Protein chains: 4
Amino acid sequence: MAEDKHPYKLSFVVRDYECDLQGVVNNANYQHYLEHARHEFLISKGVSFAQLHDEGIDLIVTKAEIEYKHPLRRRDEFIVTVNIQREGNVRILFVQDIFRLPDLKLIVKARVTGVAIKKGRPVAPGDLVFRLGLES
Amino acid sequence: MAEDKHPYKLSFVVRDYECDLQGVVNNANYQHYLEHARHEFLISKGVSFAQLHDEGIDLIVTKAEIEYKHPLRRRDEFIVTVNIQREGNVRILFVQDIFRLPDLKLIVKARVTGVAIKKGRPVAPGDLVFRLGLES
Amino acid sequence: MAEDKHPYKLSFVVRDYECDLQGVVNNANYQHYLEHARHEFLISKGVSFAQLHDEGIDLIVTKAEIEYKHPLRRRDEFIVTVNIQREGNVRILFVQDIFRLPDLKLIVKARVTGVAIKKGRPVAPGDLVFRLGLES
Amino acid sequence: MAEDKHPYKLSFVVRDYECDLQGVVNNANYQHYLEHARHEFLISKGVSFAQLHDEGIDLIVTKAEIEYKHPLRRRDEFIVTVNIQREGNVRILFVQDIFRLPDLKLIVKARVTGVAIKKGRPVAPGDLVFRLGLES
């Protein structure tokens, strides 16, 4: 499936406490930004973490590949994009980029694999696939 | 009640990611250190967060007063102490200090007030008071 | 000096990673929110951390008193306010509240004392006082 | 180059504040654990971040591939291992695993690529290669 040409975007600004001794955003914080954008994206698609949890389903990340292209610095504004692809029966791949504003410099490229877990086992994302527009 | 002359102590080392742009540990991280020491202290006294939770009881912090005397820097070693006092019927006061090693320089002085909550209301800490040696 | 009736306000939304095992925002994260609001406030007043740093001046927090009135939960929206008062010659007191939106429920009350440091010693905030409208 | 059979190991215990709403360690915190172990490893090899910084050299991460095999929970003890390989002229690959104690269950597998940067450009790690025993 082709990636959406107009992926989901969420805006952020770097907060001072997210920067470390080197004067740049600490690497782990990019995962926070990516996670927050994924969750807001899923919610925008009508996915309810609370409802899933009541059905015994947890969405978890099984793999993250993150390329750090350029650092963000204090007070930088940036956007995090979210694109999704289905991978096999049970996995969903989130293709995410971080771009600095306003020059759209590429900061981070990430590929994050998620899976829906029920009683400790991966389950077909089912309704998720429908909600996310991934049915074939 | 007099403070214990030999309070509980827990050792830490500063991790680089805990430092911020100013080259020192970010203020919020001292609360992490204080919290971790309190939890380890309570567990050392036989208090089980899991068991309390099963009984519908949550321990929460209602107030924190923190004086920052001197900053910690990358790789500094330090100890966090925990002393407790009962405050009235429902509150427990944790008197905590952070000292740098090996010179025992005072880094942080903190007074953290905790309360046991059941169904949204403070309850007498009961068994906690006994476990923590606070009965009068 | 009377507190400003129309203090500085900054809006936030709780991010999932800021919540802990108890399902609420971890206490240390409120300090992050308070700090970010203070920094944005100072910048809005024309205070430049970079310029101060070049002049050898660091703004540091010497004391924080935080009352936790009610917890924030995942995806709650809230505002952090900033009011300032001069305390003696060298200290500035930040009076800050956190209110949940849209019901304006009081979440946190905080009093944070800051001081300007040059070569390890407190200095009169000087130009800061002027910039912040604190001159008497 | 074969991986060292006896890599560097560092022990940790999960702190409650590192766990999130799902009751497990938040994904971003594994990067903190991995980073702290890498830094301690480099220091154990005689690499001084301060000295490198004085020489205008910063060590940065350009890529992280992290597989999440099993979650860590509150108070779990675990070790983080560090193995290194040279990749071409300027890159160093850190192969890192996280194992839970005492059962040595595999928690995370990570491959983290680092590079030494001087004036914004990658430089041959030079003395680093010697210190880390990577010369061919």
# chains A, B, ... in the order shown; residues from 1 in each chain; ligands from 1
call {"tool": "interface_residues", "arguments": {"of": "chain B", "to": "chain A", "cutoff": "12 Å", "atoms": "only C-alpha atoms", "output": "MDAnalysis selection string"}}
result
chainID B and resid 15:29 73:74
call {"tool": "write_last_selection", "arguments": {"atoms": "all heavy atoms", "output": "compact mmCIF listing (two decimals), in the first residue's frame"}}
result
# COMPACT_ATOMS: atom_id res chain seq x y z
N ARG B 15 22.96 10.06 36.10
CA ARG B 15 23.08 9.58 34.72
C ARG B 15 23.06 10.81 33.80
O ARG B 15 22.31 11.75 34.04
CB ARG B 15 21.92 8.65 34.39
CG ARG B 15 21.87 7.43 35.34
CD ARG B 15 20.65 6.56 35.08
NE ARG B 15 20.55 5.48 36.04
CZ ARG B 15 19.49 4.67 36.15
NH1 ARG B 15 18.45 4.83 35.34
NH2 ARG B 15 19.47 3.70 37.06
N ASP B 16 23.85 10.77 32.73
CA ASP B 16 23.98 11.95 31.86
C ASP B 16 22.63 12.49 31.40
O ASP B 16 22.44 13.70 31.31
CB ASP B 16 24.84 11.61 30.63
CG ASP B 16 26.32 11.50 30.98
OD1 ASP B 16 26.69 11.78 32.13
OD2 ASP B 16 27.10 11.13 30.10
N TYR B 17 21.69 11.59 31.09
CA TYR B 17 20.42 12.06 30.53
C TYR B 17 19.59 12.82 31.57
O TYR B 17 18.57 13.43 31.21
CB TYR B 17 19.61 10.90 29.95
CG TYR B 17 19.12 9.87 30.93
CD1 TYR B 17 18.00 10.10 31.72
CD2 TYR B 17 19.76 8.65 31.08
CE1 TYR B 17 17.54 9.15 32.63
CE2 TYR B 17 19.33 7.70 31.97
CZ TYR B 17 18.22 7.95 32.74
OH TYR B 17 17.78 7.01 33.64
N GLU B 18 20.00 12.78 32.82
CA GLU B 18 19.29 13.51 33.87
C GLU B 18 19.75 14.98 33.97
O GLU B 18 19.16 15.77 34.69
CB GLU B 18 19.46 12.80 35.22
CG GLU B 18 18.81 11.42 35.23
CD GLU B 18 19.23 10.53 36.39
OE1 GLU B 18 20.29 10.79 37.00
OE2 GLU B 18 18.51 9.56 36.67
N CYS B 19 20.82 15.30 33.26
CA CYS B 19 21.36 16.66 33.28
C CYS B 19 20.76 17.46 32.14
O CYS B 19 20.39 16.92 31.10
CB CYS B 19 22.88 16.63 33.15
SG CYS B 19 23.68 15.76 34.51
N ASP B 20 20.67 18.77 32.33
CA ASP B 20 20.06 19.59 31.29
C ASP B 20 21.04 20.59 30.71
O ASP B 20 22.25 20.47 30.90
CB ASP B 20 18.78 20.25 31.82
CG ASP B 20 19.04 21.27 32.91
OD1 ASP B 20 20.19 21.70 33.10
OD2 ASP B 20 18.06 21.66 33.58
N LEU B 21 20.52 21.53 29.99
CA LEU B 21 21.34 22.51 29.27
C LEU B 21 22.34 23.23 30.15
O LEU B 21 23.39 23.66 29.69
CB LEU B 21 20.42 23.57 28.66
CG LEU B 21 19.54 23.13 27.49
CD1 LEU B 21 18.41 24.13 27.31
CD2 LEU B 21 20.37 23.03 26.23
N GLN B 22 22.01 23.40 31.43
CA GLN B 22 22.90 24.13 32.32
C GLN B 22 24.03 23.24 32.85
O GLN B 22 24.85 23.68 33.65
CB GLN B 22 22.11 24.73 33.49
CG GLN B 22 21.10 25.82 33.06
CD GLN B 22 20.45 26.52 34.24
OE1 GLN B 22 20.03 25.86 35.18
NE2 GLN B 22 20.36 27.83 34.19
N GLY B 23 24.03 21.96 32.42
CA GLY B 23 25.12 21.07 32.84
C GLY B 23 24.90 20.46 34.20
O GLY B 23 25.81 19.83 34.75
N VAL B 24 23.72 20.65 34.76
CA VAL B 24 23.41 20.11 36.09
C VAL B 24 22.13 19.28 36.02
O VAL B 24 21.38 19.36 35.05
CB VAL B 24 23.25 21.24 37.12
CG1 VAL B 24 24.57 22.00 37.28
CG2 VAL B 24 22.14 22.20 36.72
N VAL B 25 21.91 18.48 37.06
CA VAL B 25 20.69 17.68 37.10
C VAL B 25 19.47 18.60 37.04
O VAL B 25 19.38 19.58 37.79
CB VAL B 25 20.66 16.82 38.38
CG1 VAL B 25 19.28 16.20 38.59
CG2 VAL B 25 21.73 15.74 38.31
N ASN B 26 18.55 18.30 36.15
CA ASN B 26 17.32 19.10 36.04
C ASN B 26 16.50 18.97 37.32
O ASN B 26 16.37 17.87 37.88
CB ASN B 26 16.50 18.63 34.83
CG ASN B 26 15.24 19.47 34.64
OD1 ASN B 26 14.19 19.13 35.17
ND2 ASN B 26 15.36 20.57 33.93
N ASN B 27 15.92 20.08 37.76
CA ASN B 27 15.21 20.11 39.04
C ASN B 27 14.19 18.99 39.21
O ASN B 27 14.05 18.43 40.29
CB ASN B 27 14.50 21.46 39.22
CG ASN B 27 15.47 22.58 39.51
OD1 ASN B 27 16.51 22.34 40.14
ND2 ASN B 27 15.17 23.78 39.06
N ALA B 28 13.45 18.68 38.16
CA ALA B 28 12.41 17.67 38.29
C ALA B 28 12.99 16.30 38.64
O ALA B 28 12.34 15.49 39.29
CB ALA B 28 11.60 17.57 36.99
N ASN B 29 14.22 16.06 38.22
CA ASN B 29 14.80 14.74 38.48
C ASN B 29 15.07 14.49 39.96
O ASN B 29 15.09 13.34 40.41
CB ASN B 29 16.08 14.54 37.66
CG ASN B 29 15.76 14.25 36.21
OD1 ASN B 29 14.78 13.55 35.91
ND2 ASN B 29 16.54 14.79 35.30
N ARG B 73 26.11 17.21 39.38
CA ARG B 73 26.60 17.22 38.00
C ARG B 73 26.80 15.79 37.50
O ARG B 73 26.70 14.84 38.27
CB ARG B 73 27.93 17.98 37.93
CG ARG B 73 27.74 19.45 38.26
CD ARG B 73 29.01 20.28 38.26
NE ARG B 73 28.70 21.65 38.63
CZ ARG B 73 28.20 22.56 37.78
NH1 ARG B 73 28.01 22.24 36.52
NH2 ARG B 73 27.89 23.77 38.19
N ARG B 74 27.10 15.66 36.24
CA ARG B 74 27.22 14.34 35.60
C ARG B 74 28.12 13.40 36.41
O ARG B 74 29.21 13.78 36.82
CB ARG B 74 27.72 14.49 34.17
CG ARG B 74 29.20 14.57 33.99
CD ARG B 74 29.64 14.86 32.55
NE ARG B 74 28.90 14.14 31.52
CZ ARG B 74 29.06 14.36 30.22
NH1 ARG B 74 29.94 15.25 29.79
NH2 ARG B 74 28.36 13.68 29.34
call {"tool": "residues_around", "arguments": {"residues": "Pro122 in chain B", "least_positions_apart": "2", "cutoff": "12 Å", "atoms": "only C-alpha atoms", "output": "list of chain:residue names"}}
result
B:Gly56, B:Ile57, B:Asp58, B:Leu59, B:Ile60, B:Val61, B:Thr62, B:Gly88, B:Asn89, B:Val90, B:Arg91, B:Ile92, B:Gly114, B:Val115, B:Ala116, B:Ile117, B:Lys118, B:Lys119, B:Gly120, B:Ala124, B:Pro125, B:Gly126
call {"tool": "write_last_selection", "arguments": {"atoms": "N, CA, C and O atoms", "output": "tab-separated table (two decimals), in the first residue's frame"}}
result
chain	number	residue	atom	x	y	z
B	56	GLY	N	-7.69	-1.29	47.53
B	56	GLY	CA	-8.29	-0.02	47.11
B	56	GLY	C	-7.60	1.20	47.67
B	56	GLY	O	-8.14	2.32	47.63
B	57	ILE	N	-6.40	1.01	48.19
B	57	ILE	CA	-5.68	2.13	48.80
B	57	ILE	C	-4.52	2.58	47.91
B	57	ILE	O	-3.73	1.77	47.45
B	58	ASP	N	-4.47	3.88	47.65
B	58	ASP	CA	-3.34	4.46	46.94
B	58	ASP	C	-2.63	5.43	47.86
B	58	ASP	O	-3.26	6.19	48.59
B	59	LEU	N	-1.30	5.39	47.84
B	59	LEU	CA	-0.52	6.38	48.58
B	59	LEU	C	-0.19	7.52	47.63
B	59	LEU	O	0.38	7.29	46.57
B	60	ILE	N	-0.58	8.73	48.00
B	60	ILE	CA	-0.29	9.85	47.12
B	60	ILE	C	0.43	10.96	47.87
B	60	ILE	O	0.37	11.06	49.09
B	61	VAL	N	1.10	11.77	47.09
B	61	VAL	CA	1.80	12.92	47.64
B	61	VAL	C	0.88	14.13	47.53
B	61	VAL	O	0.32	14.39	46.47
B	62	THR	N	0.70	14.87	48.64
B	62	THR	CA	-0.16	16.05	48.60
B	62	THR	C	0.65	17.34	48.61
B	62	THR	O	0.14	18.40	48.26
B	88	GLY	N	-0.78	14.44	62.32
B	88	GLY	CA	-2.23	14.31	62.49
B	88	GLY	C	-2.66	12.88	62.23
B	88	GLY	O	-1.85	11.93	62.32
B	89	ASN	N	-3.92	12.72	61.88
B	89	ASN	CA	-4.47	11.37	61.76
B	89	ASN	C	-4.18	10.69	60.43
B	89	ASN	O	-4.11	9.48	60.35
B	90	VAL	N	-4.07	11.49	59.39
B	90	VAL	CA	-4.01	10.86	58.07
B	90	VAL	C	-2.76	11.14	57.27
B	90	VAL	O	-2.53	10.51	56.25
B	91	ARG	N	-1.94	12.06	57.73
B	91	ARG	CA	-0.79	12.43	56.91
B	91	ARG	C	0.50	11.85	57.46
B	91	ARG	O	0.69	11.73	58.66
B	92	ILE	N	1.39	11.53	56.54
B	92	ILE	CA	2.75	11.10	56.89
B	92	ILE	C	3.71	12.08	56.24
B	92	ILE	O	3.56	12.40	55.05
B	114	GLY	N	2.61	12.82	52.48
B	114	GLY	CA	1.86	11.78	51.79
B	114	GLY	C	0.60	11.44	52.55
B	114	GLY	O	0.49	11.68	53.76
B	115	VAL	N	-0.34	10.86	51.85
B	115	VAL	CA	-1.59	10.47	52.47
B	115	VAL	C	-2.07	9.19	51.79
B	115	VAL	O	-1.77	8.95	50.62
B	116	ALA	N	-2.78	8.37	52.56
B	116	ALA	CA	-3.38	7.16	51.99
B	116	ALA	C	-4.80	7.50	51.57
B	116	ALA	O	-5.57	8.08	52.34
B	117	ILE	N	-5.15	7.15	50.34
B	117	ILE	CA	-6.46	7.49	49.78
B	117	ILE	C	-7.23	6.21	49.48
B	117	ILE	O	-6.67	5.27	48.92
B	118	LYS	N	-8.50	6.19	49.89
B	118	LYS	CA	-9.37	5.06	49.54
B	118	LYS	C	-10.66	5.64	48.98
B	118	LYS	O	-11.28	6.48	49.64
B	119	LYS	N	-11.04	5.24	47.81
B	119	LYS	CA	-12.24	5.79	47.15
B	119	LYS	C	-12.20	7.32	47.17
B	119	LYS	O	-13.21	7.98	47.46
B	120	GLY	N	-11.04	7.87	46.90
B	120	GLY	CA	-10.94	9.32	46.77
B	120	GLY	C	-10.85	10.09	48.08
B	120	GLY	O	-10.75	11.32	48.07
B	124	ALA	N	-7.07	6.91	57.58
B	124	ALA	CA	-5.99	6.78	58.55
B	124	ALA	C	-5.05	5.70	58.03
B	124	ALA	O	-5.50	4.65	57.55
B	125	PRO	N	-3.78	5.95	58.09
B	125	PRO	CA	-2.84	5.01	57.47
B	125	PRO	C	-2.82	3.64	58.14
B	125	PRO	O	-2.29	2.69	57.59
B	126	GLY	N	-3.44	3.53	59.35
B	126	GLY	CA	-3.66	2.24	59.99
B	126	GLY	C	-2.44	1.33	60.01
B	126	GLY	O	-1.43	1.61	60.66
call {"tool": "select_by_dssp", "arguments": {"residues": "range 4-130 of chain C", "states": "helix (DSSP H, G or I)", "output": "count of residues only"}}
result
31
call {"tool": "select_by_dssp", "arguments": {"residues": "chain D", "states": "strand (DSSP E)", "output": "PyMOL selection string"}}
result
chain D and resi 8-13+57-68+77-87+91-101+106-118+121-123
call {"tool": "residues_around", "arguments": {"residues": "range 97-106 of chain A", "least_positions_apart": "6", "cutoff": "6 Å", "atoms": "only C-alpha atoms", "output": "list in words"}}
result
Glu77, Phe78, Ile79, Val80 and Thr81 of chain A
call {"tool": "residues_around", "arguments": {"residues": "range 39-54 of chain B", "least_positions_apart": "4", "cutoff": "8 Å", "atoms": "only C-alpha atoms", "output": "JSON, numbers by chain"}}
result
{"B": [8, 35, 58, 82, 128, 131, 132]}
call {"tool": "write_last_selection", "arguments": {"atoms": "C-alpha atoms", "output": "compact mmCIF listing (two decimals), in the first residue's frame"}}
result
# COMPACT_ATOMS: atom_id res chain seq x y z
CA TYR B 8 17.08 5.01 55.58
CA GLU B 35 10.28 9.24 45.06
CA ASP B 58 -3.34 4.46 46.94
CA VAL B 82 14.27 9.04 54.24
CA LEU B 128 1.00 1.59 57.63
CA ARG B 131 4.59 -1.05 59.82
CA LEU B 132 6.44 2.26 59.79
call {"tool": "atom_distance", "arguments": {"atom1": "CA of Arg38 in chain A", "atom2": "CA of Val112 in chain A"}}
result
9.7 Å
call {"tool": "closest_residue", "arguments": {"among": "D:Val95, D:Val123, D:Ile84, D:Ala64", "to": "Val108 in chain A", "atoms": "only C-alpha atoms"}}
result
D:Ala64
call {"tool": "residues_around", "arguments": {"residues": "Asp76 in chain C", "least_positions_apart": "4", "cutoff": "7 Å", "atoms": "only C-alpha atoms", "output": "list in words"}}
result
Val13, Val14 and Leu72 of chain C
call {"tool": "closest_residue", "arguments": {"among": "D:Arg86, D:Arg121, D:Lys109, D:Lys63", "to": "Tyr30 in chain D", "atoms": "only C-alpha atoms"}}
result
D:Lys109
